[in-house]
>>> print(open('data-v7.cif').read())   # mmCIF, C-alpha atoms
data_target
loop_
_atom_site.group_PDB
_atom_site.id
_atom_site.type_symbol
_atom_site.label_atom_id
_atom_site.label_comp_id
_atom_site.auth_asym_id
_atom_site.auth_seq_id
_atom_site.Cartn_x
_atom_site.Cartn_y
_atom_site.Cartn_z
ATOM 1 C CA MET A 30 -26.680 4.422 85.358
ATOM 2 C CA ALA A 31 -27.601 4.681 81.662
ATOM 3 C CA ARG A 32 -27.736 8.112 80.150
ATOM 4 C CA ARG A 33 -31.251 9.113 79.165
ATOM 5 C CA HIS A 34 -31.716 10.130 75.555
ATOM 6 C CA ASP A 35 -33.566 13.456 75.511
ATOM 7 C CA PRO A 36 -33.251 15.151 72.105
ATOM 8 C CA GLY A 37 -35.533 18.053 73.070
ATOM 9 C CA ARG A 38 -33.639 19.010 76.209
ATOM 10 C CA ARG A 39 -31.517 21.754 74.621
ATOM 11 C CA GLN A 40 -34.641 23.427 73.231
ATOM 12 C CA ARG A 41 -36.449 23.128 76.576
ATOM 13 C CA ILE A 42 -33.489 24.848 78.215
ATOM 14 C CA ILE A 43 -33.663 27.731 75.710
ATOM 15 C CA ASP A 44 -37.428 28.011 76.211
ATOM 16 C CA ALA A 45 -36.916 28.016 79.977
ATOM 17 C CA ALA A 46 -34.259 30.742 79.700
ATOM 18 C CA ILE A 47 -36.709 32.892 77.746
ATOM 19 C CA ARG A 48 -39.379 32.364 80.409
ATOM 20 C CA VAL A 49 -36.917 33.210 83.208
ATOM 21 C CA VAL A 50 -35.815 36.427 81.472
ATOM 22 C CA GLY A 51 -39.442 37.287 80.759
ATOM 23 C CA ARG A 52 -40.373 36.832 84.406
ATOM 24 C CA ASP A 53 -37.237 37.954 86.259
ATOM 25 C CA GLY A 54 -35.190 39.914 83.741
ATOM 26 C CA ILE A 55 -31.666 39.103 82.660
ATOM 27 C CA ALA A 56 -30.470 39.658 86.227
ATOM 28 C CA GLY A 57 -32.535 36.610 87.247
ATOM 29 C CA LEU A 58 -30.936 34.339 84.683
ATOM 30 C CA SER A 59 -28.617 31.665 86.018
ATOM 31 C CA HIS A 60 -27.901 28.064 85.138
ATOM 32 C CA ARG A 61 -29.694 27.115 88.341
ATOM 33 C CA SER A 62 -32.836 29.175 87.614
ATOM 34 C CA VAL A 63 -33.026 27.829 84.067
ATOM 35 C CA ALA A 64 -32.511 24.232 85.193
ATOM 36 C CA ALA A 65 -35.332 24.599 87.705
ATOM 37 C CA GLU A 66 -37.619 26.200 85.115
ATOM 38 C CA ALA A 67 -36.825 23.509 82.518
ATOM 39 C CA ASP A 68 -37.063 20.737 85.116
ATOM 40 C CA VAL A 69 -33.676 19.348 84.121
ATOM 41 C CA PRO A 70 -30.546 18.637 86.149
ATOM 42 C CA LEU A 71 -28.239 21.609 86.615
ATOM 43 C CA GLY A 72 -25.510 19.780 84.720
ATOM 44 C CA SER A 73 -27.704 19.704 81.624
ATOM 45 C CA THR A 74 -27.710 23.455 81.337
ATOM 46 C CA THR A 75 -23.940 23.678 81.579
ATOM 47 C CA TYR A 76 -23.533 20.716 79.210
ATOM 48 C CA HIS A 77 -25.542 22.448 76.474
ATOM 49 C CA PHE A 78 -24.450 26.004 77.348
ATOM 50 C CA ALA A 79 -21.082 26.322 79.045
ATOM 51 C CA THR A 80 -21.698 29.992 79.837
ATOM 52 C CA LEU A 81 -24.712 32.190 80.389
ATOM 53 C CA GLU A 82 -23.575 34.228 77.383
ATOM 54 C CA GLU A 83 -24.026 31.153 75.162
ATOM 55 C CA LEU A 84 -27.494 30.635 76.604
ATOM 56 C CA LEU A 85 -28.387 34.299 76.073
ATOM 57 C CA VAL A 86 -27.208 34.090 72.463
ATOM 58 C CA ALA A 87 -29.503 31.115 71.853
ATOM 59 C CA ALA A 88 -32.402 32.858 73.624
ATOM 60 C CA LEU A 89 -31.933 36.099 71.671
ATOM 61 C CA ARG A 90 -31.692 34.221 68.393
ATOM 62 C CA GLN A 91 -34.972 32.439 69.103
ATOM 63 C CA ALA A 92 -36.786 35.455 70.540
ATOM 64 C CA GLY A 93 -35.780 37.592 67.561
ATOM 65 C CA GLU A 94 -37.825 35.392 65.267
ATOM 66 C CA GLY A 95 -41.071 36.911 66.584
ATOM 67 C CA PHE A 96 -40.972 40.368 65.004
ATOM 68 C CA SER A 97 -39.380 39.224 61.765
ATOM 69 C CA GLY A 98 -42.094 36.562 61.555
ATOM 70 C CA VAL A 99 -44.821 39.199 61.882
ATOM 71 C CA LEU A 100 -43.143 41.268 59.156
ATOM 72 C CA ALA A 101 -42.776 38.262 56.863
ATOM 73 C CA GLU A 102 -46.450 37.428 57.336
ATOM 74 C CA LEU A 103 -47.936 40.915 57.005
ATOM 75 C CA VAL A 104 -45.572 42.608 54.535
ATOM 76 C CA PRO A 105 -45.697 40.719 51.233
ATOM 77 C CA ASP A 106 -42.854 40.940 48.739
ATOM 78 C CA HIS A 107 -45.113 42.435 46.083
ATOM 79 C CA GLY A 108 -46.995 45.678 45.836
ATOM 80 C CA GLY A 109 -46.033 49.272 45.346
ATOM 81 C CA PRO A 110 -44.563 51.447 48.068
ATOM 82 C CA ASP A 111 -47.906 53.263 48.519
ATOM 83 C CA GLY A 112 -49.234 50.404 50.653
ATOM 84 C CA LEU A 113 -46.005 49.693 52.495
ATOM 85 C CA ALA A 114 -46.516 52.300 55.236
ATOM 86 C CA ALA A 115 -49.987 50.927 55.977
ATOM 87 C CA GLN A 116 -48.712 47.333 56.034
ATOM 88 C CA LEU A 117 -45.864 48.228 58.384
ATOM 89 C CA ALA A 118 -48.135 50.224 60.690
ATOM 90 C CA ARG A 119 -50.536 47.274 60.804
ATOM 91 C CA ALA A 120 -47.649 44.868 61.509
ATOM 92 C CA LEU A 121 -46.547 47.060 64.429
ATOM 93 C CA GLY A 122 -50.117 47.051 65.713
ATOM 94 C CA VAL A 123 -50.240 43.270 65.576
ATOM 95 C CA TRP A 124 -46.841 43.023 67.244
ATOM 96 C CA LEU A 125 -47.667 45.454 70.042
ATOM 97 C CA GLY A 126 -51.235 44.200 70.352
ATOM 98 C CA GLY A 127 -50.102 40.693 71.162
ATOM 99 C CA GLU A 128 -48.684 39.584 74.448
ATOM 100 C CA ARG A 129 -46.826 42.680 75.614
ATOM 101 C CA THR A 130 -44.455 40.639 77.779
ATOM 102 C CA GLY A 131 -43.165 38.882 74.656
ATOM 103 C CA VAL A 132 -42.331 42.206 73.032
ATOM 104 C CA GLU A 133 -40.682 43.435 76.231
ATOM 105 C CA LEU A 134 -38.678 40.215 76.458
ATOM 106 C CA GLU A 135 -37.376 40.591 72.911
ATOM 107 C CA TYR A 136 -36.271 44.146 73.581
ATOM 108 C CA GLU A 137 -34.669 43.199 76.883
ATOM 109 C CA LEU A 138 -32.613 40.516 75.172
ATOM 110 C CA TYR A 139 -31.882 42.781 72.202
ATOM 111 C CA LEU A 140 -30.742 45.678 74.399
ATOM 112 C CA ALA A 141 -28.604 43.353 76.526
ATOM 113 C CA ALA A 142 -26.162 43.527 73.619
ATOM 114 C CA LEU A 143 -25.215 47.002 74.862
ATOM 115 C CA ARG A 144 -23.372 45.446 77.808
ATOM 116 C CA ARG A 145 -22.687 41.962 76.459
ATOM 117 C CA PRO A 146 -20.538 41.967 73.320
ATOM 118 C CA ALA A 147 -21.268 38.281 72.650
ATOM 119 C CA LEU A 148 -24.869 39.256 71.880
ATOM 120 C CA ARG A 149 -24.002 41.934 69.333
ATOM 121 C CA PRO A 150 -23.676 39.630 66.313
ATOM 122 C CA VAL A 151 -27.062 38.108 67.139
ATOM 123 C CA ALA A 152 -28.629 41.557 67.509
ATOM 124 C CA ALA A 153 -27.159 42.421 64.093
ATOM 125 C CA GLU A 154 -28.677 39.207 62.677
ATOM 126 C CA TRP A 155 -32.025 40.253 64.152
ATOM 127 C CA ASN A 156 -31.774 43.596 62.347
ATOM 128 C CA GLU A 157 -30.828 41.896 59.077
ATOM 129 C CA ARG A 158 -33.719 39.435 59.334
ATOM 130 C CA ALA A 159 -36.204 42.231 60.093
ATOM 131 C CA ALA A 160 -34.857 44.525 57.352
ATOM 132 C CA ALA A 161 -34.907 41.851 54.620
ATOM 133 C CA PRO A 162 -38.639 42.009 53.795
ATOM 134 C CA LEU A 163 -38.484 45.812 53.832
ATOM 135 C CA ALA A 164 -35.508 45.912 51.470
ATOM 136 C CA ARG A 165 -37.470 43.821 48.956
ATOM 137 C CA ARG A 166 -40.066 46.592 48.809
ATOM 138 C CA THR A 167 -37.725 49.588 48.890
ATOM 139 C CA ASP A 168 -33.985 50.248 48.898
ATOM 140 C CA PRO A 169 -31.650 48.994 51.690
ATOM 141 C CA VAL A 170 -31.110 52.468 53.216
ATOM 142 C CA THR A 171 -34.832 53.158 53.423
ATOM 143 C CA ALA A 172 -35.393 49.678 54.835
ATOM 144 C CA ARG A 173 -32.947 50.440 57.671
ATOM 145 C CA ALA A 174 -34.565 53.821 58.318
ATOM 146 C CA LEU A 175 -38.024 52.212 58.470
ATOM 147 C CA LEU A 176 -36.749 49.576 60.866
ATOM 148 C CA ALA A 177 -35.148 52.235 63.090
ATOM 149 C CA LEU A 178 -38.396 54.204 63.163
ATOM 150 C CA MET A 179 -40.396 51.079 64.007
ATOM 151 C CA ASP A 180 -37.961 50.244 66.815
ATOM 152 C CA GLY A 181 -38.368 53.766 68.159
ATOM 153 C CA LEU A 182 -42.156 53.579 68.011
ATOM 154 C CA CYS A 183 -42.158 50.234 69.816
ATOM 155 C CA LEU A 184 -39.822 51.470 72.516
ATOM 156 C CA GLN A 185 -41.895 54.619 73.069
ATOM 157 C CA VAL A 186 -45.045 52.550 73.560
ATOM 158 C CA LEU A 187 -43.273 50.098 75.867
ATOM 159 C CA LEU A 188 -41.464 52.700 77.953
ATOM 160 C CA THR A 189 -44.385 55.081 78.387
ATOM 161 C CA GLY A 190 -47.081 52.441 78.778
ATOM 162 C CA GLY A 191 -48.991 54.352 76.134
ATOM 163 C CA SER A 192 -51.199 52.958 73.464
ATOM 164 C CA TYR A 193 -50.155 52.390 69.903
ATOM 165 C CA ASP A 194 -51.614 54.781 67.316
ATOM 166 C CA GLU A 195 -51.602 53.013 63.952
ATOM 167 C CA ASP A 196 -52.663 56.108 62.001
ATOM 168 C CA HIS A 197 -49.820 58.166 63.483
ATOM 169 C CA ALA A 198 -47.338 55.367 62.772
ATOM 170 C CA ARG A 199 -48.541 55.078 59.169
ATOM 171 C CA THR A 200 -48.078 58.840 58.699
ATOM 172 C CA LEU A 201 -44.529 58.724 60.075
ATOM 173 C CA LEU A 202 -43.582 55.621 58.079
ATOM 174 C CA ALA A 203 -44.957 57.114 54.870
ATOM 175 C CA ARG A 204 -42.593 60.092 55.225
ATOM 176 C CA LEU A 205 -39.610 57.772 54.913
ATOM 177 C CA ILE A 206 -40.806 55.912 51.831
ATOM 178 C CA PRO A 207 -39.648 57.533 48.564
#
>>> encode(input="data-v7.cif", output="structure tokens")
Amino acid sequence: MARRHDPGRRQRIIDAAIRVVGRDGIAGLSHRSVAAEADVPLGSTTYHFATLEELLVAALRQAGEGFSGVLAELVPDHGGPDGLAAQLARALGVWLGGERTGVELEYELYLAALRRPALRPVAAEWNERAAAPLARRTDPVTARALLALMDGLCLQVLLTGGSYDEDHARTLLARLIP
């Protein structure tokens, strides 16, 4: 039987892994569950990703593009630091105001690095990508502090089920900007 050429299969497998984790958590991720979700043969998942760790790395790398994309879009490289707190607070509002399951998924994959060392370099990449637009507007140390505060604010909203208060976030962020 001739092998079918399917150049998008690897990407469909990554997309399916993200949907499985979003629906069932990391505990629900298996080659079998991803193959079923992607509607591909089981062998395709193991061909493209020999281990679940490799698949999680690809999923985390892709999922991590969401927040950094919002920052890149809403925090321009120009402008004085006076407007930075407001721009960051607005970006958090957009991020948290979108599909909440997408935000939860990103954090679930990101926090999986606590138990899965293979994910740690990707989590570090995620931090670097998110900090880059902030470092262009302030210094690298302040950029990291702002990112840590934004992570904390996001986690508090997600874990408590509370609502996001943009004014409060702007006040807190402004305290970190020299």
>>> atom_distance(input="data-v7.cif", atom1="atom CA of A:Glu94", atom2="atom CA of A:Arg158")
8.3 Å
>>> closest_atom_pairs(input="data-v7.cif", of="stretch 56-109 of chain A", to="stretch 125-147 of chain A", cutoff="7 Å", atoms="all atoms listed in the file", output="CSV")
residue,atom,partner,partner_atom,distance
A:Glu82,CA,A:Ala147,CA,6.6
A:Leu89,CA,A:Leu138,CA,5.7
A:Ala92,CA,A:Glu135,CA,5.7
A:Gly93,CA,A:Glu135,CA,6.3
>>> write_last_selection(input="data-v7.cif", atoms="C-alpha atoms", output="PDB file, in the coordinates of the input")
ATOM      1  CA  GLU A  82     -23.575  34.228  77.383  1.00  0.00           C
ATOM      2  CA  LEU A  89     -31.933  36.099  71.671  1.00  0.00           C
ATOM      3  CA  ALA A  92     -36.786  35.455  70.540  1.00  0.00           C
ATOM      4  CA  GLY A  93     -35.780  37.592  67.561  1.00  0.00           C
TER       5      GLY A  93
END
>>> resolve_selection(input="data-v7.cif", expression="the PyMOL selection byres ((chain A and resi 161) around 10)", output="MDAnalysis selection string")
chainID A and resid 97 100:101 106 156:160 162:166 169 172:173
>>> atom_distance(input="data-v7.cif", atom1="atom CA of A:Arg48", atom2="atom CA of A:Phe78")
16.5 Å
>>> atom_distance(input="data-v7.cif", atom1="atom CA of A:Gly54", atom2="atom CA of A:Glu66")
14.0 Å
>>> residues_around(input="data-v7.cif", residues="stretch 196-198 of chain A", least_positions_apart="2", cutoff="12 Å", atoms="all atoms listed in the file", output="list in words")
Leu113, Ala114, Ala115, Gln116, Leu117, Ala118, Arg119, Ala120, Leu121, Gly122, Leu175, Leu178, Met179, Asp180, Gly181, Leu182, Cys183, Gln185, Val186, Ser192, Tyr193, Asp194, Thr200, Leu201, Leu202, Ala203, Arg204 and Leu205 of chain A
>>> resolve_selection(input="data-v7.cif", expression="the PyMOL selection byres ((chain A and resi 67) around 10)", output="list in words")
Arg38, Arg39, Gln40, Arg41, Ile42, Ile43, Asp44, Ala45, Ala46, Arg48, Val49, Arg61, Ser62, Val63, Ala64, Ala65, Glu66, Asp68, Val69, Pro70, Leu71, Ser73 and Thr74 of chain A
>>> closest_residue(input="data-v7.cif", among="A:His77, A:Asp168, A:Arg90, A:Glu83", to="A:Glu154", atoms="all atoms listed in the file")
A:Arg90
>>> closest_residue(input="data-v7.cif", among="A:Leu176, A:Val151, A:Leu184, A:Ile206", to="A:Val86", atoms="all atoms listed in the file")
A:Val151
>>> residues_near_point(input="data-v7.cif", point="(-31.3, 35.0, 78.5)", cutoff="7 Å", atoms="all atoms listed in the file", output="list in words")
Ala46, Ile47, Val50, Ile55, Leu58, Leu84, Leu85, Ala88, Leu89 and Leu138 of chain A
>>> build_atoms(input="data-v7.cif", residues="stretch 53-89 of chain A", atoms="N, CA and C atoms", output="PDB file, keeping the file's coordinate frame")
ATOM      1  N   ASP A  53     -38.159  37.386  85.278  1.00  0.00           N
ATOM      2  CA  ASP A  53     -37.237  37.954  86.259  1.00  0.00           C
ATOM      3  C   ASP A  53     -36.202  38.911  85.680  1.00  0.00           C
ATOM      4  N   GLY A  54     -36.204  39.084  84.368  1.00  0.00           N
ATOM      5  CA  GLY A  54     -35.190  39.914  83.741  1.00  0.00           C
ATOM      6  C   GLY A  54     -33.886  39.148  83.590  1.00  0.00           C
ATOM      7  N   ILE A  55     -32.955  39.756  82.886  1.00  0.00           N
ATOM      8  CA  ILE A  55     -31.666  39.103  82.660  1.00  0.00           C
ATOM      9  C   ILE A  55     -30.929  38.893  83.972  1.00  0.00           C
ATOM     10  N   ALA A  56     -31.135  39.798  84.922  1.00  0.00           N
ATOM     11  CA  ALA A  56     -30.470  39.658  86.227  1.00  0.00           C
ATOM     12  C   ALA A  56     -30.885  38.362  86.929  1.00  0.00           C
ATOM     13  N   GLY A  57     -32.063  37.839  86.618  1.00  0.00           N
ATOM     14  CA  GLY A  57     -32.535  36.610  87.247  1.00  0.00           C
ATOM     15  C   GLY A  57     -32.094  35.346  86.548  1.00  0.00           C
ATOM     16  N   LEU A  58     -31.358  35.495  85.460  1.00  0.00           N
ATOM     17  CA  LEU A  58     -30.936  34.339  84.683  1.00  0.00           C
ATOM     18  C   LEU A  58     -29.678  33.709  85.286  1.00  0.00           C
ATOM     19  N   SER A  59     -29.770  32.446  85.577  1.00  0.00           N
ATOM     20  CA  SER A  59     -28.617  31.665  86.018  1.00  0.00           C
ATOM     21  C   SER A  59     -28.826  30.233  85.529  1.00  0.00           C
ATOM     22  N   HIS A  60     -27.749  29.475  85.516  1.00  0.00           N
ATOM     23  CA  HIS A  60     -27.901  28.064  85.138  1.00  0.00           C
ATOM     24  C   HIS A  60     -28.885  27.382  86.082  1.00  0.00           C
ATOM     25  N   ARG A  61     -28.815  27.725  87.338  1.00  0.00           N
ATOM     26  CA  ARG A  61     -29.694  27.115  88.341  1.00  0.00           C
ATOM     27  C   ARG A  61     -31.165  27.480  88.102  1.00  0.00           C
ATOM     28  N   SER A  62     -31.446  28.770  87.828  1.00  0.00           N
ATOM     29  CA  SER A  62     -32.836  29.175  87.614  1.00  0.00           C
ATOM     30  C   SER A  62     -33.401  28.554  86.340  1.00  0.00           C
ATOM     31  N   VAL A  63     -32.576  28.431  85.326  1.00  0.00           N
ATOM     32  CA  VAL A  63     -33.026  27.829  84.067  1.00  0.00           C
ATOM     33  C   VAL A  63     -33.241  26.327  84.243  1.00  0.00           C
ATOM     34  N   ALA A  64     -32.344  25.670  84.957  1.00  0.00           N
ATOM     35  CA  ALA A  64     -32.511  24.232  85.193  1.00  0.00           C
ATOM     36  C   ALA A  64     -33.813  23.959  85.944  1.00  0.00           C
ATOM     37  N   ALA A  65     -34.097  24.781  86.944  1.00  0.00           N
ATOM     38  CA  ALA A  65     -35.332  24.599  87.705  1.00  0.00           C
ATOM     39  C   ALA A  65     -36.548  24.839  86.815  1.00  0.00           C
ATOM     40  N   GLU A  66     -36.496  25.877  86.001  1.00  0.00           N
ATOM     41  CA  GLU A  66     -37.619  26.200  85.115  1.00  0.00           C
ATOM     42  C   GLU A  66     -37.835  25.106  84.064  1.00  0.00           C
ATOM     43  N   ALA A  67     -36.740  24.546  83.550  1.00  0.00           N
ATOM     44  CA  ALA A  67     -36.825  23.509  82.518  1.00  0.00           C
ATOM     45  C   ALA A  67     -37.055  22.118  83.108  1.00  0.00           C
ATOM     46  N   ASP A  68     -36.940  22.026  84.424  1.00  0.00           N
ATOM     47  CA  ASP A  68     -37.063  20.737  85.116  1.00  0.00           C
ATOM     48  C   ASP A  68     -36.046  19.726  84.577  1.00  0.00           C
ATOM     49  N   VAL A  69     -34.790  20.197  84.535  1.00  0.00           N
ATOM     50  CA  VAL A  69     -33.676  19.348  84.121  1.00  0.00           C
ATOM     51  C   VAL A  69     -32.572  19.469  85.172  1.00  0.00           C
ATOM     52  N   PRO A  70     -31.668  18.511  85.220  1.00  0.00           N
ATOM     53  CA  PRO A  70     -30.546  18.637  86.149  1.00  0.00           C
ATOM     54  C   PRO A  70     -29.680  19.856  85.806  1.00  0.00           C
ATOM     55  N   LEU A  71     -29.097  20.438  86.810  1.00  0.00           N
ATOM     56  CA  LEU A  71     -28.239  21.609  86.615  1.00  0.00           C
ATOM     57  C   LEU A  71     -27.133  21.324  85.601  1.00  0.00           C
ATOM     58  N   GLY A  72     -26.580  20.143  85.647  1.00  0.00           N
ATOM     59  CA  GLY A  72     -25.510  19.780  84.720  1.00  0.00           C
ATOM     60  C   GLY A  72     -25.935  19.821  83.260  1.00  0.00           C
ATOM     61  N   SER A  73     -27.223  19.651  83.006  1.00  0.00           N
ATOM     62  CA  SER A  73     -27.704  19.704  81.624  1.00  0.00           C
ATOM     63  C   SER A  73     -27.575  21.100  81.039  1.00  0.00           C
ATOM     64  N   THR A  74     -27.806  22.097  81.864  1.00  0.00           N
ATOM     65  CA  THR A  74     -27.710  23.455  81.337  1.00  0.00           C
ATOM     66  C   THR A  74     -26.261  23.796  81.004  1.00  0.00           C
ATOM     67  N   THR A  75     -25.347  23.375  81.847  1.00  0.00           N
ATOM     68  CA  THR A  75     -23.940  23.678  81.579  1.00  0.00           C
ATOM     69  C   THR A  75     -23.367  22.761  80.495  1.00  0.00           C
ATOM     70  N   TYR A  76     -23.960  21.598  80.298  1.00  0.00           N
ATOM     71  CA  TYR A  76     -23.533  20.716  79.210  1.00  0.00           C
ATOM     72  C   TYR A  76     -23.879  21.357  77.865  1.00  0.00           C
ATOM     73  N   HIS A  77     -25.096  21.861  77.738  1.00  0.00           N
ATOM     74  CA  HIS A  77     -25.542  22.448  76.474  1.00  0.00           C
ATOM     75  C   HIS A  77     -25.053  23.885  76.287  1.00  0.00           C
ATOM     76  N   PHE A  78     -24.875  24.604  77.396  1.00  0.00           N
ATOM     77  CA  PHE A  78     -24.450  26.004  77.348  1.00  0.00           C
ATOM     78  C   PHE A  78     -23.417  26.228  78.441  1.00  0.00           C
ATOM     79  N   ALA A  79     -22.160  26.217  78.062  1.00  0.00           N
ATOM     80  CA  ALA A  79     -21.082  26.322  79.045  1.00  0.00           C
ATOM     81  C   ALA A  79     -21.142  27.636  79.824  1.00  0.00           C
ATOM     82  N   THR A  80     -21.612  28.695  79.171  1.00  0.00           N
ATOM     83  CA  THR A  80     -21.698  29.992  79.837  1.00  0.00           C
ATOM     84  C   THR A  80     -23.107  30.557  79.686  1.00  0.00           C
ATOM     85  N   LEU A  81     -23.427  31.505  80.521  1.00  0.00           N
ATOM     86  CA  LEU A  81     -24.712  32.190  80.389  1.00  0.00           C
ATOM     87  C   LEU A  81     -24.768  33.005  79.103  1.00  0.00           C
ATOM     88  N   GLU A  82     -23.616  33.485  78.647  1.00  0.00           N
ATOM     89  CA  GLU A  82     -23.575  34.228  77.383  1.00  0.00           C
ATOM     90  C   GLU A  82     -24.051  33.332  76.240  1.00  0.00           C
ATOM     91  N   GLU A  83     -23.592  32.082  76.215  1.00  0.00           N
ATOM     92  CA  GLU A  83     -24.026  31.153  75.162  1.00  0.00           C
ATOM     93  C   GLU A  83     -25.533  30.936  75.232  1.00  0.00           C
ATOM     94  N   LEU A  84     -26.055  30.820  76.424  1.00  0.00           N
ATOM     95  CA  LEU A  84     -27.494  30.635  76.604  1.00  0.00           C
ATOM     96  C   LEU A  84     -28.260  31.884  76.170  1.00  0.00           C
ATOM     97  N   LEU A  85     -27.748  33.052  76.502  1.00  0.00           N
ATOM     98  CA  LEU A  85     -28.387  34.299  76.073  1.00  0.00           C
ATOM     99  C   LEU A  85     -28.371  34.449  74.549  1.00  0.00           C
ATOM    100  N   VAL A  86     -27.285  34.036  73.920  1.00  0.00           N
ATOM    101  CA  VAL A  86     -27.208  34.090  72.463  1.00  0.00           C
ATOM    102  C   VAL A  86     -28.308  33.224  71.859  1.00  0.00           C
ATOM    103  N   ALA A  87     -28.465  32.015  72.368  1.00  0.00           N
ATOM    104  CA  ALA A  87     -29.503  31.115  71.853  1.00  0.00           C
ATOM    105  C   ALA A  87     -30.894  31.689  72.113  1.00  0.00           C
ATOM    106  N   ALA A  88     -31.099  32.275  73.280  1.00  0.00           N
ATOM    107  CA  ALA A  88     -32.402  32.858  73.624  1.00  0.00           C
ATOM    108  C   ALA A  88     -32.704  34.056  72.737  1.00  0.00           C
ATOM    109  N   LEU A  89     -31.732  34.926  72.521  1.00  0.00           N
ATOM    110  CA  LEU A  89     -31.933  36.099  71.671  1.00  0.00           C
ATOM    111  C   LEU A  89     -32.219  35.678  70.239  1.00  0.00           C
TER     112      LEU A  89
END
